[in-house]
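One structure is given below, encoded as structure tokens.
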Protein chains: 2
Amino acid sequence: MDKRPIGVFDSGLGGLTVVKELKKLLPHEDIIYFGDTGRVPYGTRSKEIITEYACQDINFLLSHDVKMIIAACGTVSAVLPQSIIASLSIPFTGILLPAVQAACATSQNARIGVIGTPATIKSGAYGRAIRSIRSDAVVTGNACPLFVPLVENGYVKRSDKVTSLVASDYLKIFEGSGIDTMILGCTHFPIIRDIISDMLEQDVTLINPGEETARYTAAKLTKEHILNAPQHEGNCRYYVSDAPESFSEYGSLFLGEQIGGHVEKVDIGQLPANITK
Amino acid sequence: MDKRPIGVFDSGLGGLTVVKELKKLLPHEDIIYFGDTGRVPYGTRSKEIITEYACQDINFLLSHDVKMIIAACGTVSAVLPQSIIASLSIPFTGILLPAVQAACATSQNARIGVIGTPATIKSGAYGRAIRSIRSDAVVTGNACPLFVPLVENGYVKRSDKVTSLVASDYLKIFEGSGIDTMILGCTHFPIIRDIISDMLEQDVTLINPGEETARYTAAKLTKEHILNAPQHEGNCRYYVSDAPESFSEYGSLFLGEQIGGHVEKVDIGQLPANITK
């Protein structure tokens, strides 16, 4: 038994789609969430700056004595160097490995699609991870840079013309690709999964990284014998790098319920940009 | 005569539309430009964090011994507290005052429109500034949060369906308002001025903040007797908080020519967030 909280971070609000699934699957766990709302988005930035920001985010979570860290950000999951993950003394996961494992187990024909931010797609990390499990896989990927601002600005209704038009542009590349499974490689994308699904001509199973990451985390905590006590009622504490008010206002779309817990502002830019613990 | 450079800053690339006009009007001046590409955009953030970032940007420019500072960012221009501007020992301007003066001089019927980022419109700064010059003015404003990501992602062609659809949504509010003049209250917006113009039913004069700010700066330097020598050939040095390569690649759209000068990365988050000089 381990009472320490799980640490979760994201560039902003998208990671709350992971917290939503964690709360369902691990109701006895405490969660510390950091959303870098003062520097969102990450997915259009360089690998160097994403790594720098992610290290500061991880250092913040480490300062709260967490027992596991989840990068609930598709971009960080794809870009963070293995050497940084290896330097951590606690379990760590991004959304990439859980999503890739699920996609490889789901796909019948080994033709798998991936959509994500420009930094995620540019990294090629999904293709490498998928082929390490299924060497016969054919992976088709495309960057969807406007999905994050569209979701963050509320263009999320299934009938929304703007998002549908943008999605139709981004997803054209999958026509004729024969994919039967597609990874939503960014934690914002499950919010518009209906629009994405409507734009795909074929019948494609969409992999929600939040669900898969929560399952992966539950298995990891069980295996490491670091679950919290089953009689404990888990709670969430939220930290952000911009105004707490707007996080509380807009976060509910992602969390699927009101942001109930404590929300506090953190000066993240002042933290060291290399792992210190 | 004053050989020191002019300091210009913006959240990212938009401020280059001001540099473009400065280079035309003040070819003998050296320019130091800082684009906060590691933390762009500003316009969807809180007043507190925008002020914090702007102070760091100003401190960076002050460390280069500039003779005047231009906030070539519509959001900073609208949000930065007067007390911070008053603490500077050198001339300062945002794009707001030059644009407002031009709009008030241009409008025949004192019905003026303003579009900008959410933070700009929320501040109410344009309405206050316009009415302080023309107390009879009727000001209509609307926030256009997606214009910045659309422009930064290259959705800028006059025939672009996505940007046209978004613009038609944002500009509907001006139907029947009777405005004859509209301020483009964000330095990204001149890039899509044709789309904006096409979506307005009436004949409206668009005020380009870059042109007006360059004129204002030329007048200020002349009045203060701090122009550079007329035989000097002005040069630009660019500083950014994310990868210089992508700034060089995408900046030309805004500057109207290749980014010719030196481009260097700065660790802006480590600078003090209050004015130190």
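Naming works like this for the structure tokens: A, B, ... for the chains as they're shown, residue 1 at the start of each chain, ligands 1 onward in shown order.
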Glu201 (chain B) surroundings by only C-alpha atoms, 12 Å radius, close-in-sequence under 2 positions cut, as a list in words: Ser168, Leu171, Lys172, Ile173, Phe174, Glu175, Gly176, Ser177, Gly178, Ile179, Asp180, Ile196, Ser197, Asp198, Met199, Asp203 and Val204 of chain B
Hey, can you spit out that residue selection with N, CA and C atoms as a PDB file, in the first residue's frame?
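Okay, again-v8.pdb is ready:
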```pdb
ATOM      1  N   SER B 168     -16.475  34.919 -40.915  1.00  0.00           N
ATOM      2  CA  SER B 168     -17.893  35.260 -41.074  1.00  0.00           C
ATOM      3  C   SER B 168     -18.621  35.154 -39.739  1.00  0.00           C
ATOM      4  N   LEU B 171     -17.391  38.231 -37.509  1.00  0.00           N
ATOM      5  CA  LEU B 171     -17.690  39.587 -37.992  1.00  0.00           C
ATOM      6  C   LEU B 171     -19.181  39.845 -38.155  1.00  0.00           C
ATOM      7  N   LYS B 172     -19.978  38.809 -37.895  1.00  0.00           N
ATOM      8  CA  LYS B 172     -21.445  38.949 -37.980  1.00  0.00           C
ATOM      9  C   LYS B 172     -21.941  40.092 -37.084  1.00  0.00           C
ATOM     10  N   ILE B 173     -21.305  40.240 -35.944  1.00  0.00           N
ATOM     11  CA  ILE B 173     -21.695  41.248 -34.956  1.00  0.00           C
ATOM     12  C   ILE B 173     -21.650  42.672 -35.521  1.00  0.00           C
ATOM     13  N   PHE B 174     -20.870  42.875 -36.600  1.00  0.00           N
ATOM     14  CA  PHE B 174     -20.727  44.229 -37.152  1.00  0.00           C
ATOM     15  C   PHE B 174     -21.817  44.559 -38.182  1.00  0.00           C
ATOM     16  N   GLU B 175     -22.620  43.546 -38.553  1.00  0.00           N
ATOM     17  CA  GLU B 175     -23.730  43.796 -39.490  1.00  0.00           C
ATOM     18  C   GLU B 175     -24.697  44.800 -38.874  1.00  0.00           C
ATOM     19  N   GLY B 176     -24.987  45.842 -39.595  1.00  0.00           N
ATOM     20  CA  GLY B 176     -25.936  46.835 -39.094  1.00  0.00           C
ATOM     21  C   GLY B 176     -25.357  47.781 -38.051  1.00  0.00           C
ATOM     22  N   SER B 177     -24.055  47.631 -37.717  1.00  0.00           N
ATOM     23  CA  SER B 177     -23.453  48.506 -36.700  1.00  0.00           C
ATOM     24  C   SER B 177     -23.134  49.885 -37.282  1.00  0.00           C
ATOM     25  N   GLY B 178     -23.084  49.958 -38.591  1.00  0.00           N
ATOM     26  CA  GLY B 178     -22.812  51.245 -39.244  1.00  0.00           C
ATOM     27  C   GLY B 178     -21.373  51.701 -39.168  1.00  0.00           C
ATOM     28  N   ILE B 179     -20.454  50.834 -38.741  1.00  0.00           N
ATOM     29  CA  ILE B 179     -19.042  51.271 -38.633  1.00  0.00           C
ATOM     30  C   ILE B 179     -18.492  51.611 -40.022  1.00  0.00           C
ATOM     31  N   ASP B 180     -17.653  52.661 -40.070  1.00  0.00           N
ATOM     32  CA  ASP B 180     -16.965  52.996 -41.326  1.00  0.00           C
ATOM     33  C   ASP B 180     -15.463  52.764 -41.203  1.00  0.00           C
ATOM     34  N   ILE B 196     -10.927  39.472 -44.054  1.00  0.00           N
ATOM     35  CA  ILE B 196     -11.727  40.291 -43.129  1.00  0.00           C
ATOM     36  C   ILE B 196     -12.576  41.286 -43.924  1.00  0.00           C
ATOM     37  N   SER B 197     -11.950  41.935 -44.864  1.00  0.00           N
ATOM     38  CA  SER B 197     -12.634  42.931 -45.688  1.00  0.00           C
ATOM     39  C   SER B 197     -13.790  42.294 -46.473  1.00  0.00           C
ATOM     40  N   ASP B 198     -13.556  41.126 -47.035  1.00  0.00           N
ATOM     41  CA  ASP B 198     -14.589  40.428 -47.818  1.00  0.00           C
ATOM     42  C   ASP B 198     -15.817  40.088 -46.977  1.00  0.00           C
ATOM     43  N   MET B 199     -15.623  39.883 -45.676  1.00  0.00           N
ATOM     44  CA  MET B 199     -16.720  39.434 -44.816  1.00  0.00           C
ATOM     45  C   MET B 199     -17.555  40.593 -44.268  1.00  0.00           C
ATOM     46  N   ASP B 203     -18.632  49.244 -46.655  1.00  0.00           N
ATOM     47  CA  ASP B 203     -17.311  49.720 -47.057  1.00  0.00           C
ATOM     48  C   ASP B 203     -16.614  50.273 -45.815  1.00  0.00           C
ATOM     49  N   VAL B 204     -15.643  49.540 -45.308  1.00  0.00           N
ATOM     50  CA  VAL B 204     -15.017  49.885 -44.036  1.00  0.00           C
ATOM     51  C   VAL B 204     -13.510  50.075 -44.246  1.00  0.00           C
TER      52      VAL B 204
END
```
Contact residues (chain B, partner chain A, 10 Å, only C-alpha atoms) as an MDAnalysis selection string: chainID B and resid 37:42 44:50 53 145:146 148:150 152:153 161:166 241:246 267:272
Please produce an output containing N, CA and C atoms for each residue in the selection, written as an mmCIF file, in the first residue's frame.
```
data_model
loop_
_atom_site.group_PDB
_atom_site.id
_atom_site.type_symbol
_atom_site.label_atom_id
_atom_site.label_comp_id
_atom_site.auth_asym_id
_atom_site.auth_seq_id
_atom_site.Cartn_x
_atom_site.Cartn_y
_atom_site.Cartn_z
ATOM 1 N N THR B 37 8.336 33.144 -28.971
ATOM 2 C CA THR B 37 7.800 31.976 -29.682
ATOM 3 C C THR B 37 7.647 30.744 -28.786
ATOM 4 N N GLY B 38 8.361 30.727 -27.660
ATOM 5 C CA GLY B 38 8.250 29.596 -26.725
ATOM 6 C C GLY B 38 6.998 29.680 -25.863
ATOM 7 N N ARG B 39 6.319 30.854 -25.878
ATOM 8 C CA ARG B 39 5.139 31.008 -25.015
ATOM 9 C C ARG B 39 3.948 31.613 -25.768
ATOM 10 N N VAL B 40 4.100 31.773 -27.105
ATOM 11 C CA VAL B 40 2.987 32.269 -27.917
ATOM 12 C C VAL B 40 1.812 31.308 -27.809
ATOM 13 N N PRO B 41 0.556 31.677 -27.828
ATOM 14 C CA PRO B 41 0.033 33.043 -27.941
ATOM 15 C C PRO B 41 -0.158 33.696 -26.572
ATOM 16 N N TYR B 42 -0.287 35.027 -26.553
ATOM 17 C CA TYR B 42 -0.589 35.745 -25.307
ATOM 18 C C TYR B 42 -2.105 35.996 -25.157
ATOM 19 N N THR B 44 -4.901 34.596 -25.315
ATOM 20 C CA THR B 44 -5.888 33.760 -24.629
ATOM 21 C C THR B 44 -5.501 33.568 -23.163
ATOM 22 N N ARG B 45 -4.480 34.302 -22.694
ATOM 23 C CA ARG B 45 -4.036 34.136 -21.304
ATOM 24 C C ARG B 45 -4.629 35.248 -20.416
ATOM 25 N N SER B 46 -4.332 35.131 -19.106
ATOM 26 C CA SER B 46 -4.872 36.110 -18.158
ATOM 27 C C SER B 46 -4.046 37.394 -18.183
ATOM 28 N N LYS B 47 -4.648 38.479 -17.696
ATOM 29 C CA LYS B 47 -3.962 39.767 -17.610
ATOM 30 C C LYS B 47 -2.659 39.640 -16.794
ATOM 31 N N GLU B 48 -2.713 38.861 -15.711
ATOM 32 C CA GLU B 48 -1.557 38.732 -14.818
ATOM 33 C C GLU B 48 -0.380 38.082 -15.553
ATOM 34 N N ILE B 49 -0.651 37.001 -16.259
ATOM 35 C CA ILE B 49 0.465 36.299 -16.906
ATOM 36 C C ILE B 49 0.972 37.092 -18.111
ATOM 37 N N ILE B 50 0.085 37.785 -18.806
ATOM 38 C CA ILE B 50 0.515 38.617 -19.941
ATOM 39 C C ILE B 50 1.453 39.722 -19.425
ATOM 40 N N TYR B 53 4.879 38.177 -18.519
ATOM 41 C CA TYR B 53 5.673 37.886 -19.717
ATOM 42 C C TYR B 53 6.164 39.183 -20.365
ATOM 43 N N PRO B 145 -10.498 34.725 -31.311
ATOM 44 C CA PRO B 145 -9.422 33.882 -30.765
ATOM 45 C C PRO B 145 -8.755 32.952 -31.771
ATOM 46 N N LEU B 146 -9.480 32.520 -32.796
ATOM 47 C CA LEU B 146 -8.866 31.550 -33.721
ATOM 48 C C LEU B 146 -8.034 32.198 -34.818
ATOM 49 N N VAL B 148 -5.345 34.010 -34.668
ATOM 50 C CA VAL B 148 -3.892 33.827 -34.474
ATOM 51 C C VAL B 148 -3.447 32.410 -34.873
ATOM 52 N N PRO B 149 -4.069 31.338 -34.317
ATOM 53 C CA PRO B 149 -3.640 30.009 -34.789
ATOM 54 C C PRO B 149 -3.874 29.778 -36.278
ATOM 55 N N LEU B 150 -4.941 30.332 -36.827
ATOM 56 C CA LEU B 150 -5.176 30.151 -38.272
ATOM 57 C C LEU B 150 -4.044 30.797 -39.076
ATOM 58 N N GLU B 152 -1.008 31.560 -37.974
ATOM 59 C CA GLU B 152 0.270 30.884 -37.687
ATOM 60 C C GLU B 152 0.368 29.519 -38.385
ATOM 61 N N ASN B 153 -0.780 28.949 -38.726
ATOM 62 C CA ASN B 153 -0.774 27.668 -39.434
ATOM 63 C C ASN B 153 -0.982 27.817 -40.939
ATOM 64 N N LYS B 161 -11.300 28.490 -47.137
ATOM 65 C CA LYS B 161 -12.672 28.264 -46.652
ATOM 66 C C LYS B 161 -12.773 28.293 -45.131
ATOM 67 N N VAL B 162 -11.762 27.733 -44.464
ATOM 68 C CA VAL B 162 -11.820 27.649 -43.004
ATOM 69 C C VAL B 162 -11.769 29.050 -42.399
ATOM 70 N N THR B 163 -10.776 29.836 -42.803
ATOM 71 C CA THR B 163 -10.643 31.180 -42.239
ATOM 72 C C THR B 163 -11.847 32.049 -42.617
ATOM 73 N N SER B 164 -12.353 31.874 -43.827
ATOM 74 C CA SER B 164 -13.526 32.660 -44.238
ATOM 75 C C SER B 164 -14.740 32.323 -43.374
ATOM 76 N N LEU B 165 -14.909 31.043 -43.080
ATOM 77 C CA LEU B 165 -16.036 30.605 -42.255
ATOM 78 C C LEU B 165 -15.916 31.171 -40.831
ATOM 79 N N VAL B 166 -14.698 31.091 -40.275
ATOM 80 C CA VAL B 166 -14.463 31.621 -38.928
ATOM 81 C C VAL B 166 -14.666 33.140 -38.925
ATOM 82 N N SER B 241 12.320 32.793 -28.155
ATOM 83 C CA SER B 241 12.419 31.895 -26.999
ATOM 84 C C SER B 241 12.213 30.430 -27.388
ATOM 85 N N ASP B 242 12.001 30.153 -28.684
ATOM 86 C CA ASP B 242 12.012 28.765 -29.174
ATOM 87 C C ASP B 242 13.006 28.692 -30.339
ATOM 88 N N ALA B 243 12.988 27.601 -31.058
ATOM 89 C CA ALA B 243 14.010 27.343 -32.083
ATOM 90 C C ALA B 243 14.118 28.461 -33.123
ATOM 91 N N PRO B 244 15.328 29.001 -33.324
ATOM 92 C CA PRO B 244 15.522 30.041 -34.331
ATOM 93 C C PRO B 244 15.133 29.574 -35.740
ATOM 94 N N GLU B 245 15.320 28.270 -36.029
ATOM 95 C CA GLU B 245 15.089 27.772 -37.395
ATOM 96 C C GLU B 245 13.643 28.013 -37.833
ATOM 97 N N SER B 246 12.695 27.690 -36.935
ATOM 98 C CA SER B 246 11.307 27.802 -37.366
ATOM 99 C C SER B 246 10.896 29.266 -37.464
ATOM 100 N N ASP B 267 16.688 32.518 -23.114
ATOM 101 C CA ASP B 267 15.949 31.845 -22.041
ATOM 102 C C ASP B 267 15.136 32.887 -21.269
ATOM 103 N N ILE B 268 14.000 33.266 -21.821
ATOM 104 C CA ILE B 268 13.237 34.424 -21.317
ATOM 105 C C ILE B 268 12.601 34.162 -19.948
ATOM 106 N N GLY B 269 12.240 32.901 -19.674
ATOM 107 C CA GLY B 269 11.550 32.569 -18.417
ATOM 108 C C GLY B 269 12.383 32.831 -17.178
ATOM 109 N N GLN B 270 13.697 32.916 -17.366
ATOM 110 C CA GLN B 270 14.590 33.123 -16.219
ATOM 111 C C GLN B 270 14.772 34.609 -15.884
ATOM 112 N N LEU B 271 14.286 35.504 -16.726
ATOM 113 C CA LEU B 271 14.447 36.944 -16.449
ATOM 114 C C LEU B 271 13.440 37.399 -15.395
ATOM 115 N N PRO B 272 13.759 38.487 -14.660
ATOM 116 C CA PRO B 272 12.804 38.973 -13.658
ATOM 117 C C PRO B 272 11.497 39.437 -14.299
#
```
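The interatomic distance for the pair CA of Gly210 (chain A) and CA of Ala102 (chain A) works out to 11.6 Å.
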Shell around Glu224 (chain A) at 12 Å using only C-alpha atoms, local window under 2 positions removed, as an MDAnalysis selection string: chainID A and resid 1:2 67:68 90:91 217:222 226:228
In region 68-212 of chain A, DSSP helix (DSSP H, G or I) residues written as a PyMOL selection string: chain A and resi 74-79+82-86+96-106+118-123+125-133+147-152+161-174+189-199+209-212
